[in-house]
>>> print(open('input-v6.csv').read())   # CSV, C-alpha atoms
chain,number,residue,atom,x,y,z
A,1,VAL,CA,2.1,-24.2,-31.7
A,2,ARG,CA,-0.1,-21.5,-30.2
A,3,ALA,CA,1.3,-22.0,-26.7
A,4,ALA,CA,4.9,-21.9,-28.0
A,5,VAL,CA,4.1,-18.7,-29.9
A,6,LEU,CA,2.4,-16.9,-27.0
A,7,GLU,CA,5.3,-17.8,-24.7
A,8,ALA,CA,7.9,-16.6,-27.2
A,9,THR,CA,6.0,-13.3,-27.5
A,10,LEU,CA,6.2,-12.7,-23.8
A,11,ALA,CA,9.9,-13.6,-23.8
A,12,GLU,CA,10.7,-11.3,-26.7
A,13,LEU,CA,8.8,-8.5,-25.1
A,14,ALA,CA,10.5,-8.9,-21.7
A,15,GLU,CA,13.9,-9.1,-23.4
A,16,PHE,CA,13.7,-6.5,-26.2
A,17,GLY,CA,10.5,-4.4,-25.6
A,18,TYR,CA,7.6,-3.6,-27.9
A,19,ARG,CA,9.4,-1.7,-30.5
A,20,GLU,CA,11.6,-4.6,-31.4
A,21,LEU,CA,8.7,-7.1,-31.4
A,22,SER,CA,7.8,-8.5,-34.8
A,23,LEU,CA,6.1,-11.6,-36.1
A,24,GLU,CA,9.5,-12.6,-37.5
A,25,SER,CA,11.3,-12.3,-34.2
A,26,VAL,CA,8.6,-14.3,-32.4
A,27,ALA,CA,8.6,-17.0,-35.1
A,28,ARG,CA,12.4,-17.3,-34.8
A,29,ARG,CA,12.3,-17.7,-31.0
A,30,ALA,CA,9.3,-20.1,-31.1
A,31,GLY,CA,10.9,-22.2,-33.8
A,32,VAL,CA,7.9,-21.8,-36.1
A,33,HIS,CA,7.7,-20.7,-39.7
A,34,LYS,CA,6.9,-17.0,-39.9
A,35,THR,CA,4.1,-17.6,-42.6
A,36,THR,CA,2.3,-19.6,-39.9
A,37,LEU,CA,2.2,-16.5,-37.7
A,38,TYR,CA,1.2,-14.2,-40.6
A,39,ARG,CA,-1.6,-16.6,-41.5
A,40,ARG,CA,-2.9,-17.0,-38.0
A,41,TRP,CA,-2.4,-13.6,-36.4
A,42,GLY,CA,-1.6,-11.2,-39.3
A,43,THR,CA,-0.2,-8.4,-37.1
A,44,ARG,CA,1.8,-8.1,-34.0
A,45,GLU,CA,-1.1,-6.3,-32.3
A,46,ALA,CA,-3.4,-9.2,-33.1
A,47,LEU,CA,-0.8,-11.6,-31.6
A,48,LEU,CA,-0.5,-9.4,-28.5
A,49,LEU,CA,-4.2,-9.3,-28.0
A,50,ASP,CA,-4.2,-13.1,-28.1
A,51,VAL,CA,-1.4,-13.1,-25.5
A,52,PHE,CA,-3.3,-10.7,-23.2
A,53,ARG,CA,-6.5,-12.8,-23.5
A,54,GLU,CA,-4.6,-16.0,-22.6
A,55,ILE,CA,-2.9,-14.4,-19.6
A,56,ALA,CA,-6.2,-13.1,-18.4
A,57,ARG,CA,-8.0,-16.4,-19.0
A,58,GLN,CA,-5.3,-18.4,-17.1
A,59,ARG,CA,-4.4,-16.0,-14.3
A,60,ALA,CA,-7.5,-13.9,-13.6
A,61,PRO,CA,-10.6,-16.0,-14.0
A,62,ILE,CA,-13.7,-14.3,-12.5
A,63,PRO,CA,-14.4,-15.7,-9.0
A,64,ASP,CA,-17.8,-16.5,-7.6
A,65,THR,CA,-17.5,-16.6,-3.8
A,66,GLY,CA,-21.0,-15.5,-2.9
A,67,SER,CA,-20.2,-11.9,-1.9
A,68,LEU,CA,-18.9,-8.9,-3.8
A,69,HIS,CA,-16.2,-8.3,-1.2
A,70,GLY,CA,-15.0,-11.9,-1.5
A,71,ASP,CA,-15.1,-11.8,-5.3
A,72,LEU,CA,-13.2,-8.5,-5.6
A,73,LEU,CA,-10.6,-9.6,-3.0
A,74,ARG,CA,-9.9,-12.8,-4.9
A,75,TYR,CA,-9.9,-11.0,-8.2
A,76,ALA,CA,-7.5,-8.3,-6.9
A,77,ARG,CA,-5.2,-11.0,-5.4
A,78,GLN,CA,-5.1,-12.8,-8.7
A,79,ILE,CA,-4.3,-9.6,-10.7
A,80,THR,CA,-1.6,-8.7,-8.2
A,81,ALA,CA,0.0,-12.2,-8.3
A,82,SER,CA,0.0,-11.9,-12.1
A,83,VAL,CA,1.3,-8.4,-12.6
A,84,THR,CA,4.1,-8.9,-10.2
A,85,THR,CA,5.6,-11.7,-12.2
A,86,PRO,CA,8.7,-10.5,-14.2
A,87,GLU,CA,7.1,-11.3,-17.5
A,88,VAL,CA,3.8,-9.6,-16.9
A,89,SER,CA,5.4,-6.6,-15.2
A,90,ALA,CA,7.6,-6.2,-18.3
A,91,LEU,CA,4.5,-6.4,-20.4
A,92,ALA,CA,2.7,-3.7,-18.3
A,93,ALA,CA,5.8,-1.4,-18.6
A,94,ALA,CA,5.8,-1.9,-22.4
A,95,ILE,CA,2.1,-1.1,-22.6
A,96,ALA,CA,2.6,2.1,-20.5
A,97,SER,CA,5.6,3.3,-22.5
A,98,GLU,CA,4.1,2.5,-25.9
A,99,GLY,CA,0.3,2.6,-25.5
A,100,PRO,CA,-0.6,6.3,-26.1
A,101,ASN,CA,1.8,6.8,-29.1
A,102,ASN,CA,0.8,3.9,-31.3
A,103,PRO,CA,-2.8,3.8,-32.7
A,104,ALA,CA,-2.8,0.1,-33.6
A,105,PHE,CA,-1.6,-0.8,-30.1
A,106,ALA,CA,-4.0,1.6,-28.5
A,107,ASP,CA,-6.9,0.0,-30.4
A,108,MET,CA,-5.8,-3.4,-29.3
A,109,LEU,CA,-5.7,-2.3,-25.7
A,110,ARG,CA,-9.2,-0.8,-25.8
A,111,THR,CA,-10.5,-4.0,-27.3
A,112,PHE,CA,-8.8,-6.0,-24.6
A,113,TRP,CA,-10.0,-3.9,-21.7
A,114,ALA,CA,-13.6,-3.6,-23.0
A,115,GLU,CA,-13.7,-7.4,-23.0
A,116,ARG,CA,-12.2,-7.6,-19.5
A,117,PHE,CA,-14.7,-5.1,-18.1
A,118,GLU,CA,-17.6,-6.9,-19.8
A,119,VAL,CA,-16.5,-10.3,-18.3
A,120,GLY,CA,-15.7,-8.8,-14.9
A,121,ALA,CA,-19.0,-6.9,-14.7
A,122,VAL,CA,-20.8,-10.1,-13.6
A,123,MET,CA,-19.3,-9.8,-10.1
A,124,ILE,CA,-21.1,-6.5,-9.7
A,125,SER,CA,-24.3,-7.6,-11.4
A,126,ARG,CA,-24.6,-10.7,-9.2
A,127,ALA,CA,-24.1,-8.5,-6.1
A,128,ILE,CA,-26.9,-6.2,-7.4
A,129,GLU,CA,-29.2,-9.2,-7.8
A,130,ARG,CA,-28.4,-10.4,-4.3
A,131,GLY,CA,-29.4,-6.9,-3.0
A,132,GLU,CA,-25.9,-6.6,-1.6
A,133,VAL,CA,-25.0,-3.4,-3.4
A,134,SER,CA,-26.9,-0.4,-4.7
A,135,ALA,CA,-28.7,-1.1,-8.0
A,136,GLU,CA,-27.0,2.1,-9.4
A,137,SER,CA,-23.5,0.6,-8.9
A,138,ASP,CA,-21.3,1.0,-12.0
A,139,PRO,CA,-19.5,-2.3,-12.8
A,140,LYS,CA,-16.8,-0.8,-14.9
A,141,LEU,CA,-16.0,2.0,-12.5
A,142,THR,CA,-15.9,-0.5,-9.7
A,143,LEU,CA,-13.4,-2.6,-11.6
A,144,GLU,CA,-11.3,0.4,-12.5
A,145,ALA,CA,-11.3,1.5,-8.8
A,146,VAL,CA,-9.8,-1.9,-7.9
A,147,LEU,CA,-7.4,-2.2,-10.8
A,148,GLY,CA,-6.2,1.4,-10.9
A,149,PRO,CA,-4.4,1.6,-7.6
A,150,ILE,CA,-2.8,-1.8,-8.2
A,151,TYR,CA,-1.3,-0.6,-11.5
A,152,PHE,CA,-0.5,2.7,-9.9
A,153,ARG,CA,1.8,1.0,-7.4
A,154,LEU,CA,3.2,-1.3,-10.1
A,155,LEU,CA,4.0,1.4,-12.7
A,156,VAL,CA,3.9,4.8,-11.1
A,157,SER,CA,4.8,4.9,-7.4
A,158,GLY,CA,6.8,1.7,-7.4
A,159,GLU,CA,5.5,0.8,-3.9
A,160,LYS,CA,5.1,-2.8,-2.8
A,161,LEU,CA,1.8,-4.5,-3.5
A,162,ASP,CA,1.5,-6.0,0.0
A,163,PRO,CA,-1.6,-8.1,1.0
A,164,ARG,CA,-2.7,-5.5,3.5
A,165,PHE,CA,-2.9,-2.8,0.8
A,166,ILE,CA,-5.0,-5.1,-1.4
A,167,LYS,CA,-7.3,-6.0,1.5
A,168,ARG,CA,-7.9,-2.3,2.4
A,169,LEU,CA,-8.4,-1.2,-1.2
A,170,VAL,CA,-11.1,-3.8,-1.7
A,171,GLU,CA,-12.8,-2.9,1.5
A,172,LEU,CA,-12.8,0.8,0.4
A,173,VAL,CA,-14.3,0.0,-3.0
A,174,ALA,CA,-16.9,-2.5,-1.7
A,175,SER,CA,-18.0,-0.1,1.0
A,176,ALA,CA,-18.6,2.6,-1.6
A,177,LEU,CA,-21.2,0.4,-3.2
A,178,GLU,CA,-23.2,-0.3,-0.1
A,179,PRO,CA,-26.9,0.5,-0.7
B,1,VAL,CA,18.7,29.1,-14.4
B,2,ARG,CA,16.6,26.6,-12.5
B,3,ALA,CA,13.5,27.2,-14.6
B,4,ALA,CA,15.5,26.8,-17.8
B,5,VAL,CA,17.0,23.6,-16.6
B,6,LEU,CA,13.7,22.1,-15.4
B,7,GLU,CA,12.1,22.9,-18.8
B,8,ALA,CA,15.1,21.4,-20.7
B,9,THR,CA,14.8,18.2,-18.6
B,10,LEU,CA,11.1,17.8,-19.6
B,11,ALA,CA,11.9,18.5,-23.2
B,12,GLU,CA,14.8,16.0,-23.3
B,13,LEU,CA,12.7,13.4,-21.6
B,14,ALA,CA,9.8,13.9,-24.0
B,15,GLU,CA,12.1,13.7,-27.0
B,16,PHE,CA,14.6,11.0,-26.1
B,17,GLY,CA,13.3,9.2,-23.0
B,18,TYR,CA,14.9,8.5,-19.7
B,19,ARG,CA,17.7,6.3,-20.8
B,20,GLU,CA,19.2,9.1,-22.9
B,21,LEU,CA,18.8,11.7,-20.2
B,22,SER,CA,22.0,13.0,-18.6
B,23,LEU,CA,23.1,16.2,-16.9
B,24,GLU,CA,25.2,16.9,-20.0
B,25,SER,CA,22.3,16.6,-22.4
B,26,VAL,CA,20.1,18.8,-20.2
B,27,ALA,CA,22.9,21.4,-19.8
B,28,ARG,CA,23.4,21.6,-23.5
B,29,ARG,CA,19.7,22.1,-24.2
B,30,ALA,CA,19.3,24.7,-21.4
B,31,GLY,CA,22.5,26.6,-22.5
B,32,VAL,CA,24.0,26.2,-19.1
B,33,HIS,CA,27.4,24.9,-18.1
B,34,LYS,CA,27.3,21.3,-17.0
B,35,THR,CA,29.3,22.0,-13.9
B,36,THR,CA,26.4,24.2,-12.7
B,37,LEU,CA,24.1,21.1,-13.0
B,38,TYR,CA,26.6,18.8,-11.2
B,39,ARG,CA,27.0,21.3,-8.4
B,40,ARG,CA,23.4,22.0,-7.9
B,41,TRP,CA,21.8,18.6,-8.5
B,42,GLY,CA,24.6,16.0,-8.6
B,43,THR,CA,22.6,13.2,-10.3
B,44,ARG,CA,19.9,13.0,-13.0
B,45,GLU,CA,17.6,11.4,-10.4
B,46,ALA,CA,18.0,14.5,-8.1
B,47,LEU,CA,17.3,16.7,-11.0
B,48,LEU,CA,14.2,14.7,-11.9
B,49,LEU,CA,12.9,14.8,-8.3
B,50,ASP,CA,13.2,18.6,-8.6
B,51,VAL,CA,11.2,18.6,-11.8
B,52,PHE,CA,8.5,16.4,-10.3
B,53,ARG,CA,8.2,18.6,-7.3
B,54,GLU,CA,8.0,21.7,-9.4
B,55,ILE,CA,5.3,20.2,-11.6
B,56,ALA,CA,3.3,19.1,-8.5
B,57,ARG,CA,3.7,22.5,-6.9
B,58,GLN,CA,2.6,24.4,-10.0
B,59,ARG,CA,-0.1,22.1,-11.3
B,60,ALA,CA,-1.6,20.2,-8.3
B,61,PRO,CA,-1.8,22.5,-5.3
B,62,ILE,CA,-3.9,21.1,-2.5
B,63,PRO,CA,-7.4,22.6,-2.7
B,64,ASP,CA,-9.4,23.7,0.3
B,65,THR,CA,-13.0,24.0,-0.8
B,66,GLY,CA,-14.7,23.1,2.5
B,67,SER,CA,-15.7,19.6,1.7
B,68,LEU,CA,-13.8,16.4,1.0
B,69,HIS,CA,-15.8,15.8,-2.2
B,70,GLY,CA,-15.0,19.3,-3.4
B,71,ASP,CA,-11.3,19.0,-2.5
B,72,LEU,CA,-10.9,15.6,-4.2
B,73,LEU,CA,-12.8,16.7,-7.3
B,74,ARG,CA,-10.6,19.8,-7.8
B,75,TYR,CA,-7.5,17.7,-7.0
B,76,ALA,CA,-8.5,15.0,-9.5
B,77,ARG,CA,-9.3,17.6,-12.2
B,78,GLN,CA,-5.9,19.3,-11.7
B,79,ILE,CA,-4.0,16.0,-11.9
B,80,THR,CA,-6.0,15.0,-15.0
B,81,ALA,CA,-5.3,18.3,-16.7
B,82,SER,CA,-1.6,17.9,-15.8
B,83,VAL,CA,-1.1,14.3,-16.9
B,84,THR,CA,-2.8,14.7,-20.2
B,85,THR,CA,-0.4,17.4,-21.4
B,86,PRO,CA,2.1,16.0,-23.9
B,87,GLU,CA,5.1,16.6,-21.7
B,88,VAL,CA,3.7,15.1,-18.5
B,89,SER,CA,2.2,12.1,-20.2
B,90,ALA,CA,5.6,11.5,-21.8
B,91,LEU,CA,7.1,11.7,-18.3
B,92,ALA,CA,4.6,9.3,-16.9
B,93,ALA,CA,5.3,6.8,-19.7
B,94,ALA,CA,9.0,7.1,-19.0
B,95,ILE,CA,8.4,6.5,-15.3
B,96,ALA,CA,6.3,3.4,-16.0
B,97,SER,CA,8.8,1.9,-18.4
B,98,GLU,CA,11.9,2.6,-16.3
B,99,GLY,CA,10.7,2.8,-12.7
B,100,PRO,CA,10.9,-0.8,-11.6
B,101,ASN,CA,14.2,-1.6,-13.3
B,102,ASN,CA,16.3,1.2,-11.9
B,103,PRO,CA,17.0,1.4,-8.2
B,104,ALA,CA,18.1,5.1,-8.1
B,105,PHE,CA,15.0,6.0,-10.1
B,106,ALA,CA,12.8,3.9,-7.9
B,107,ASP,CA,14.2,5.5,-4.8
B,108,MET,CA,13.5,9.0,-6.2
B,109,LEU,CA,9.9,8.0,-7.1
B,110,ARG,CA,9.3,6.7,-3.6
B,111,THR,CA,10.6,9.9,-2.1
B,112,PHE,CA,8.4,12.0,-4.4
B,113,TRP,CA,5.2,10.0,-3.8
B,114,ALA,CA,5.8,9.9,0.0
B,115,GLU,CA,5.9,13.7,0.0
B,116,ARG,CA,2.8,14.0,-2.2
B,117,PHE,CA,0.8,11.7,0.0
B,118,GLU,CA,2.0,13.6,3.1
B,119,VAL,CA,1.0,16.9,1.6
B,120,GLY,CA,-2.3,15.6,0.2
B,121,ALA,CA,-3.3,13.9,3.5
B,122,VAL,CA,-4.5,17.3,4.8
B,123,MET,CA,-7.6,17.0,2.6
B,124,ILE,CA,-8.7,13.9,4.5
B,125,SER,CA,-7.6,15.0,7.9
B,126,ARG,CA,-9.6,18.2,7.5
B,127,ALA,CA,-12.6,16.1,6.6
B,128,ILE,CA,-12.1,14.0,9.7
B,129,GLU,CA,-12.0,17.1,11.8
B,130,ARG,CA,-15.2,18.4,10.3
B,131,GLY,CA,-16.8,15.1,11.2
B,132,GLU,CA,-17.5,14.6,7.5
B,133,VAL,CA,-15.8,11.2,7.1
B,134,SER,CA,-15.0,8.3,9.4
B,135,ALA,CA,-12.1,8.9,11.8
B,136,GLU,CA,-10.6,5.7,10.5
B,137,SER,CA,-10.3,7.0,7.0
B,138,ASP,CA,-6.9,6.3,5.5
B,139,PRO,CA,-5.5,9.4,3.8
B,140,LYS,CA,-2.9,7.6,1.7
B,141,LEU,CA,-5.3,4.9,0.5
B,142,THR,CA,-7.9,7.6,-0.3
B,143,LEU,CA,-5.4,9.4,-2.5
B,144,GLU,CA,-4.3,6.2,-4.2
B,145,ALA,CA,-7.9,5.4,-4.9
B,146,VAL,CA,-8.3,8.7,-6.7
B,147,LEU,CA,-4.9,8.7,-8.5
B,148,GLY,CA,-4.8,5.0,-9.4
B,149,PRO,CA,-7.7,4.9,-11.9
B,150,ILE,CA,-6.6,8.2,-13.5
B,151,TYR,CA,-3.1,6.8,-14.2
B,152,PHE,CA,-4.7,3.4,-15.2
B,153,ARG,CA,-6.6,5.1,-18.0
B,154,LEU,CA,-3.5,7.2,-19.0
B,155,LEU,CA,-1.0,4.4,-19.0
B,156,VAL,CA,-2.8,1.0,-19.1
B,157,SER,CA,-6.2,1.1,-20.8
B,158,GLY,CA,-5.6,4.2,-22.9
B,159,GLU,CA,-9.2,5.2,-22.3
B,160,LYS,CA,-10.2,8.9,-22.3
B,161,LEU,CA,-10.1,10.8,-19.0
B,162,ASP,CA,-13.5,12.5,-19.5
B,163,PRO,CA,-15.0,14.8,-16.9
B,164,ARG,CA,-17.8,12.4,-16.2
B,165,PHE,CA,-15.4,9.6,-15.3
B,166,ILE,CA,-13.5,11.9,-12.9
B,167,LYS,CA,-16.7,13.0,-11.3
B,168,ARG,CA,-18.0,9.5,-10.7
B,169,LEU,CA,-14.7,8.2,-9.5
B,170,VAL,CA,-14.5,11.0,-6.9
B,171,GLU,CA,-18.1,10.3,-5.8
B,172,LEU,CA,-17.2,6.6,-5.4
B,173,VAL,CA,-14.2,7.3,-3.3
B,174,ALA,CA,-15.8,10.0,-1.1
B,175,SER,CA,-18.9,7.8,-0.5
B,176,ALA,CA,-16.6,5.0,0.8
B,177,LEU,CA,-15.4,7.3,3.5
B,178,GLU,CA,-18.8,8.3,4.9
B,179,PRO,CA,-19.0,7.6,8.6
>>> encode(input="input-v6.csv", output="structure tokens")
Amino acid sequence: VRAAVLEATLAELAEFGYRELSLESVARRAGVHKTTLYRRWGTREALLLDVFREIARQRAPIPDTGSLHGDLLRYARQITASVTTPEVSALAAAIASEGPNNPAFADMLRTFWAERFEVGAVMISRAIERGEVSAESDPKLTLEAVLGPIYFRLLVSGEKLDPRFIKRLVELVASALEP
Amino acid sequence: VRAAVLEATLAELAEFGYRELSLESVARRAGVHKTTLYRRWGTREALLLDVFREIARQRAPIPDTGSLHGDLLRYARQITASVTTPEVSALAAAIASEGPNNPAFADMLRTFWAERFEVGAVMISRAIERGEVSAESDPKLTLEAVLGPIYFRLLVSGEKLDPRFIKRLVELVASALEP
């Protein structure tokens, strides 16, 4: 049931956008009774948070390659592969157009990103332990420095996320952290 | 006339979004005859490009403080002050939700950003001339590394663009370019 509901949520979002999204419309598409959705998720924001977490879990697991550069490169490539799929890029556009105007949605986003940064911070803390980067390195800022330009190309400049760009971006961020 | 039209375009966008935007609706709001807009701009994308250029010219002039760190910091602060105003943040959300789906709009965005990166590159080329940063520094990547995380907070994570974040982001980017 959960997999069908999460998939239906993505499909509804891609087709109709966030404003039209409701537990009823997702239930209809998934072929599940709407009371099941109300019992399990309660609100569309809680459902979306579950969708986001599942996408992140499946498509952007935290790598452990032995070096910060290797970890950030694999992470950045995973994120790029994920956000350039039609369903996730529709999701990202929906976030960007709705996010700031809707307090429940904004709260959900903050929860999601706080978790992502907490989980991803291990890449930087391991590099600090290895003596590979300065002990003052800021894990969250490092992750935002990698994710920011990727989403900038996706949502703002519309430029292609080519492999060379990802490689050079990660080199720039990793070199900033050298001790 | 131009100032009234550009202001009316921003107001229409903030109120009704990109899909509802037309030369007719802008003409009505600005109190200008629509043939004037057709003659001068031709399409809504050409009008928007003019709006974007004017915002950039007024709100994000390229600083010349004598150091790359100083230039990037002033630039990042200007961009942050601009994108956090209600009218520009509505504009950014409209870009993000429409950009990838609309070829005429995407073309306009690419033109706009190519110009901005060309104009902004002088901050990095001056720093290279001063011997302040590596001669291999990439001006465009540097600007994307500053702009990306700002737009990420604005459009994706919804987190506050506080002065400390801007300061630390610029420090990270500038330190990556050290020779």
>>> residues_around(input="input-v6.csv", residues="A:Leu6", least_positions_apart="6", cutoff="8 Å", atoms="all atoms listed in the file", output="list in words")
Leu47, Asp50 and Val51 of chain A
>>> calpha_fit_and_write(input="input-v6.csv", fixed="chain B", moving="chain A", output="compact mmCIF listing (two decimals) with C-alpha atoms, keeping the file's coordinate frame")
# COMPACT_ATOMS: atom_id res chain seq x y z
CA VAL A 1 18.67 29.12 -14.45
CA ARG A 2 16.59 26.63 -12.49
CA ALA A 3 13.49 27.21 -14.60
CA ALA A 4 15.49 26.84 -17.85
CA VAL A 5 17.00 23.61 -16.52
CA LEU A 6 13.71 22.05 -15.38
CA GLU A 7 12.11 22.88 -18.73
CA ALA A 8 15.02 21.42 -20.70
CA THR A 9 14.73 18.23 -18.62
CA LEU A 10 11.12 17.79 -19.56
CA ALA A 11 11.94 18.47 -23.22
CA GLU A 12 14.80 16.00 -23.29
CA LEU A 13 12.69 13.39 -21.63
CA ALA A 14 9.74 13.85 -24.02
CA GLU A 15 12.11 13.77 -26.99
CA PHE A 16 14.65 11.06 -26.09
CA GLY A 17 13.29 9.18 -22.99
CA TYR A 18 14.89 8.44 -19.65
CA ARG A 19 17.69 6.32 -20.77
CA GLU A 20 19.19 9.04 -22.87
CA LEU A 21 18.74 11.70 -20.16
CA SER A 22 21.96 12.99 -18.64
CA LEU A 23 23.06 16.12 -16.85
CA GLU A 24 25.18 16.86 -19.93
CA SER A 25 22.31 16.61 -22.36
CA VAL A 26 20.11 18.84 -20.19
CA ALA A 27 22.91 21.41 -19.76
CA ARG A 28 23.41 21.50 -23.54
CA ARG A 29 19.70 22.08 -24.26
CA ALA A 30 19.32 24.65 -21.42
CA GLY A 31 22.41 26.52 -22.52
CA VAL A 32 24.02 26.19 -19.09
CA HIS A 33 27.43 24.94 -18.09
CA LYS A 34 27.25 21.28 -17.10
CA THR A 35 29.34 21.92 -13.83
CA THR A 36 26.45 24.14 -12.72
CA LEU A 37 24.10 21.16 -12.94
CA TYR A 38 26.60 18.79 -11.25
CA ARG A 39 27.04 21.30 -8.44
CA ARG A 40 23.38 21.94 -7.92
CA TRP A 41 21.72 18.60 -8.58
CA GLY A 42 24.58 16.02 -8.64
CA THR A 43 22.56 13.25 -10.34
CA ARG A 44 19.92 12.98 -12.92
CA GLU A 45 17.56 11.43 -10.36
CA ALA A 46 18.04 14.42 -8.08
CA LEU A 47 17.25 16.73 -11.05
CA LEU A 48 14.15 14.67 -11.88
CA LEU A 49 12.90 14.80 -8.36
CA ASP A 50 13.22 18.59 -8.52
CA VAL A 51 11.25 18.55 -11.80
CA PHE A 52 8.47 16.37 -10.31
CA ARG A 53 8.23 18.64 -7.22
CA GLU A 54 7.93 21.76 -9.41
CA ILE A 55 5.25 20.21 -11.62
CA ALA A 56 3.33 19.16 -8.58
CA ARG A 57 3.74 22.53 -6.86
CA GLN A 58 2.55 24.45 -9.98
CA ARG A 59 -0.14 22.14 -11.33
CA ALA A 60 -1.58 20.26 -8.35
CA PRO A 61 -1.71 22.51 -5.34
CA ILE A 62 -3.91 21.07 -2.54
CA PRO A 63 -7.39 22.67 -2.65
CA ASP A 64 -9.41 23.73 0.34
CA THR A 65 -13.05 23.99 -0.75
CA GLY A 66 -14.71 23.13 2.54
CA SER A 67 -15.74 19.54 1.72
CA LEU A 68 -13.79 16.39 0.98
CA HIS A 69 -15.81 15.76 -2.17
CA GLY A 70 -15.06 19.26 -3.45
CA ASP A 71 -11.37 18.99 -2.55
CA LEU A 72 -10.88 15.58 -4.19
CA LEU A 73 -12.82 16.64 -7.32
CA ARG A 74 -10.64 19.70 -7.76
CA TYR A 75 -7.52 17.76 -6.99
CA ALA A 76 -8.45 14.98 -9.48
CA ARG A 77 -9.29 17.61 -12.17
CA GLN A 78 -5.94 19.25 -11.66
CA ILE A 79 -4.01 15.92 -11.88
CA THR A 80 -5.95 14.98 -14.99
CA ALA A 81 -5.32 18.37 -16.70
CA SER A 82 -1.62 17.90 -15.90
CA VAL A 83 -1.07 14.31 -16.90
CA THR A 84 -2.81 14.76 -20.16
CA THR A 85 -0.39 17.37 -21.34
CA PRO A 86 2.13 15.90 -23.89
CA GLU A 87 5.07 16.63 -21.68
CA VAL A 88 3.71 15.16 -18.50
CA SER A 89 2.21 12.15 -20.28
CA ALA A 90 5.66 11.48 -21.76
CA LEU A 91 7.09 11.76 -18.31
CA ALA A 92 4.51 9.27 -16.86
CA ALA A 93 5.31 6.79 -19.72
CA ALA A 94 9.05 7.11 -18.95
CA ILE A 95 8.44 6.51 -15.26
CA ALA A 96 6.31 3.39 -16.03
CA SER A 97 8.81 1.93 -18.49
CA GLU A 98 11.87 2.65 -16.35
CA GLY A 99 10.69 2.79 -12.72
CA PRO A 100 10.88 -0.87 -11.54
CA ASN A 101 14.27 -1.65 -13.24
CA ASN A 102 16.39 1.20 -11.94
CA PRO A 103 17.02 1.44 -8.14
CA ALA A 104 18.11 5.09 -8.12
CA PHE A 105 14.99 6.08 -10.07
CA ALA A 106 12.80 3.90 -7.94
CA ASP A 107 14.15 5.57 -4.79
CA MET A 108 13.50 8.95 -6.25
CA LEU A 109 9.94 8.02 -7.05
CA ARG A 110 9.23 6.72 -3.54
CA THR A 111 10.62 9.92 -2.10
CA PHE A 112 8.44 11.94 -4.42
CA TRP A 113 5.24 10.05 -3.75
CA ALA A 114 5.76 9.90 0.05
CA GLU A 115 5.95 13.69 -0.03
CA ARG A 116 2.85 13.97 -2.24
CA PHE A 117 0.83 11.69 0.03
CA GLU A 118 2.00 13.57 3.14
CA VAL A 119 0.95 16.97 1.59
CA GLY A 120 -2.29 15.58 0.17
CA ALA A 121 -3.27 13.89 3.44
CA VAL A 122 -4.53 17.24 4.82
CA MET A 123 -7.66 17.01 2.64
CA ILE A 124 -8.61 13.85 4.47
CA SER A 125 -7.54 15.05 7.90
CA ARG A 126 -9.57 18.26 7.59
CA ALA A 127 -12.63 16.18 6.56
CA ILE A 128 -12.07 13.99 9.68
CA GLU A 129 -11.97 17.10 11.87
CA ARG A 130 -15.16 18.41 10.30
CA GLY A 131 -16.84 15.04 11.17
CA GLU A 132 -17.50 14.60 7.47
CA VAL A 133 -15.75 11.28 7.12
CA SER A 134 -15.04 8.33 9.39
CA ALA A 135 -12.14 8.98 11.80
CA GLU A 136 -10.61 5.63 10.58
CA SER A 137 -10.29 6.94 6.99
CA ASP A 138 -6.84 6.27 5.50
CA PRO A 139 -5.50 9.42 3.75
CA LYS A 140 -2.98 7.67 1.62
CA LEU A 141 -5.32 4.94 0.47
CA THR A 142 -7.89 7.56 -0.32
CA LEU A 143 -5.40 9.42 -2.47
CA GLU A 144 -4.26 6.27 -4.19
CA ALA A 145 -7.94 5.34 -4.91
CA VAL A 146 -8.32 8.69 -6.72
CA LEU A 147 -4.97 8.71 -8.48
CA GLY A 148 -4.84 5.05 -9.46
CA PRO A 149 -7.70 4.90 -11.90
CA ILE A 150 -6.59 8.17 -13.50
CA TYR A 151 -3.13 6.73 -14.22
CA PHE A 152 -4.72 3.47 -15.18
CA ARG A 153 -6.59 5.15 -18.03
CA LEU A 154 -3.53 7.23 -18.94
CA LEU A 155 -0.99 4.37 -19.05
CA VAL A 156 -2.77 1.06 -19.13
CA SER A 157 -6.20 1.08 -20.77
CA GLY A 158 -5.61 4.16 -22.88
CA GLU A 159 -9.24 5.30 -22.38
CA LYS A 160 -10.19 8.96 -22.38
CA LEU A 161 -10.08 10.82 -19.10
CA ASP A 162 -13.48 12.49 -19.60
CA PRO A 163 -14.97 14.81 -16.88
CA ARG A 164 -17.79 12.40 -16.20
CA PHE A 165 -15.35 9.59 -15.32
CA ILE A 166 -13.50 11.91 -12.92
CA LYS A 167 -16.75 13.07 -11.31
CA ARG A 168 -17.97 9.46 -10.74
CA LEU A 169 -14.62 8.22 -9.45
CA VAL A 170 -14.53 10.95 -6.83
CA GLU A 171 -18.06 10.30 -5.80
CA LEU A 172 -17.20 6.56 -5.39
CA VAL A 173 -14.14 7.28 -3.26
CA ALA A 174 -15.80 9.99 -1.11
CA SER A 175 -18.80 7.79 -0.48
CA ALA A 176 -16.54 5.01 0.77
CA LEU A 177 -15.38 7.28 3.54
CA GLU A 178 -18.78 8.23 4.82
CA PRO A 179 -19.00 7.62 8.60
>>> interface_residues(input="input-v6.csv", of="chain A", to="chain B", cutoff="9 Å", atoms="only C-alpha atoms", output="PyMOL selection string")
chain A and resi 89-90+92-100+106-107+109-110+112-113+141-142+144-159+165+168-169+171-178
>>> residues_around(input="input-v6.csv", residues="A:Ala127", least_positions_apart="6", cutoff="8 Å", atoms="all atoms listed in the file", output="list in words")
Ser67, Leu68 and Val133 of chain A
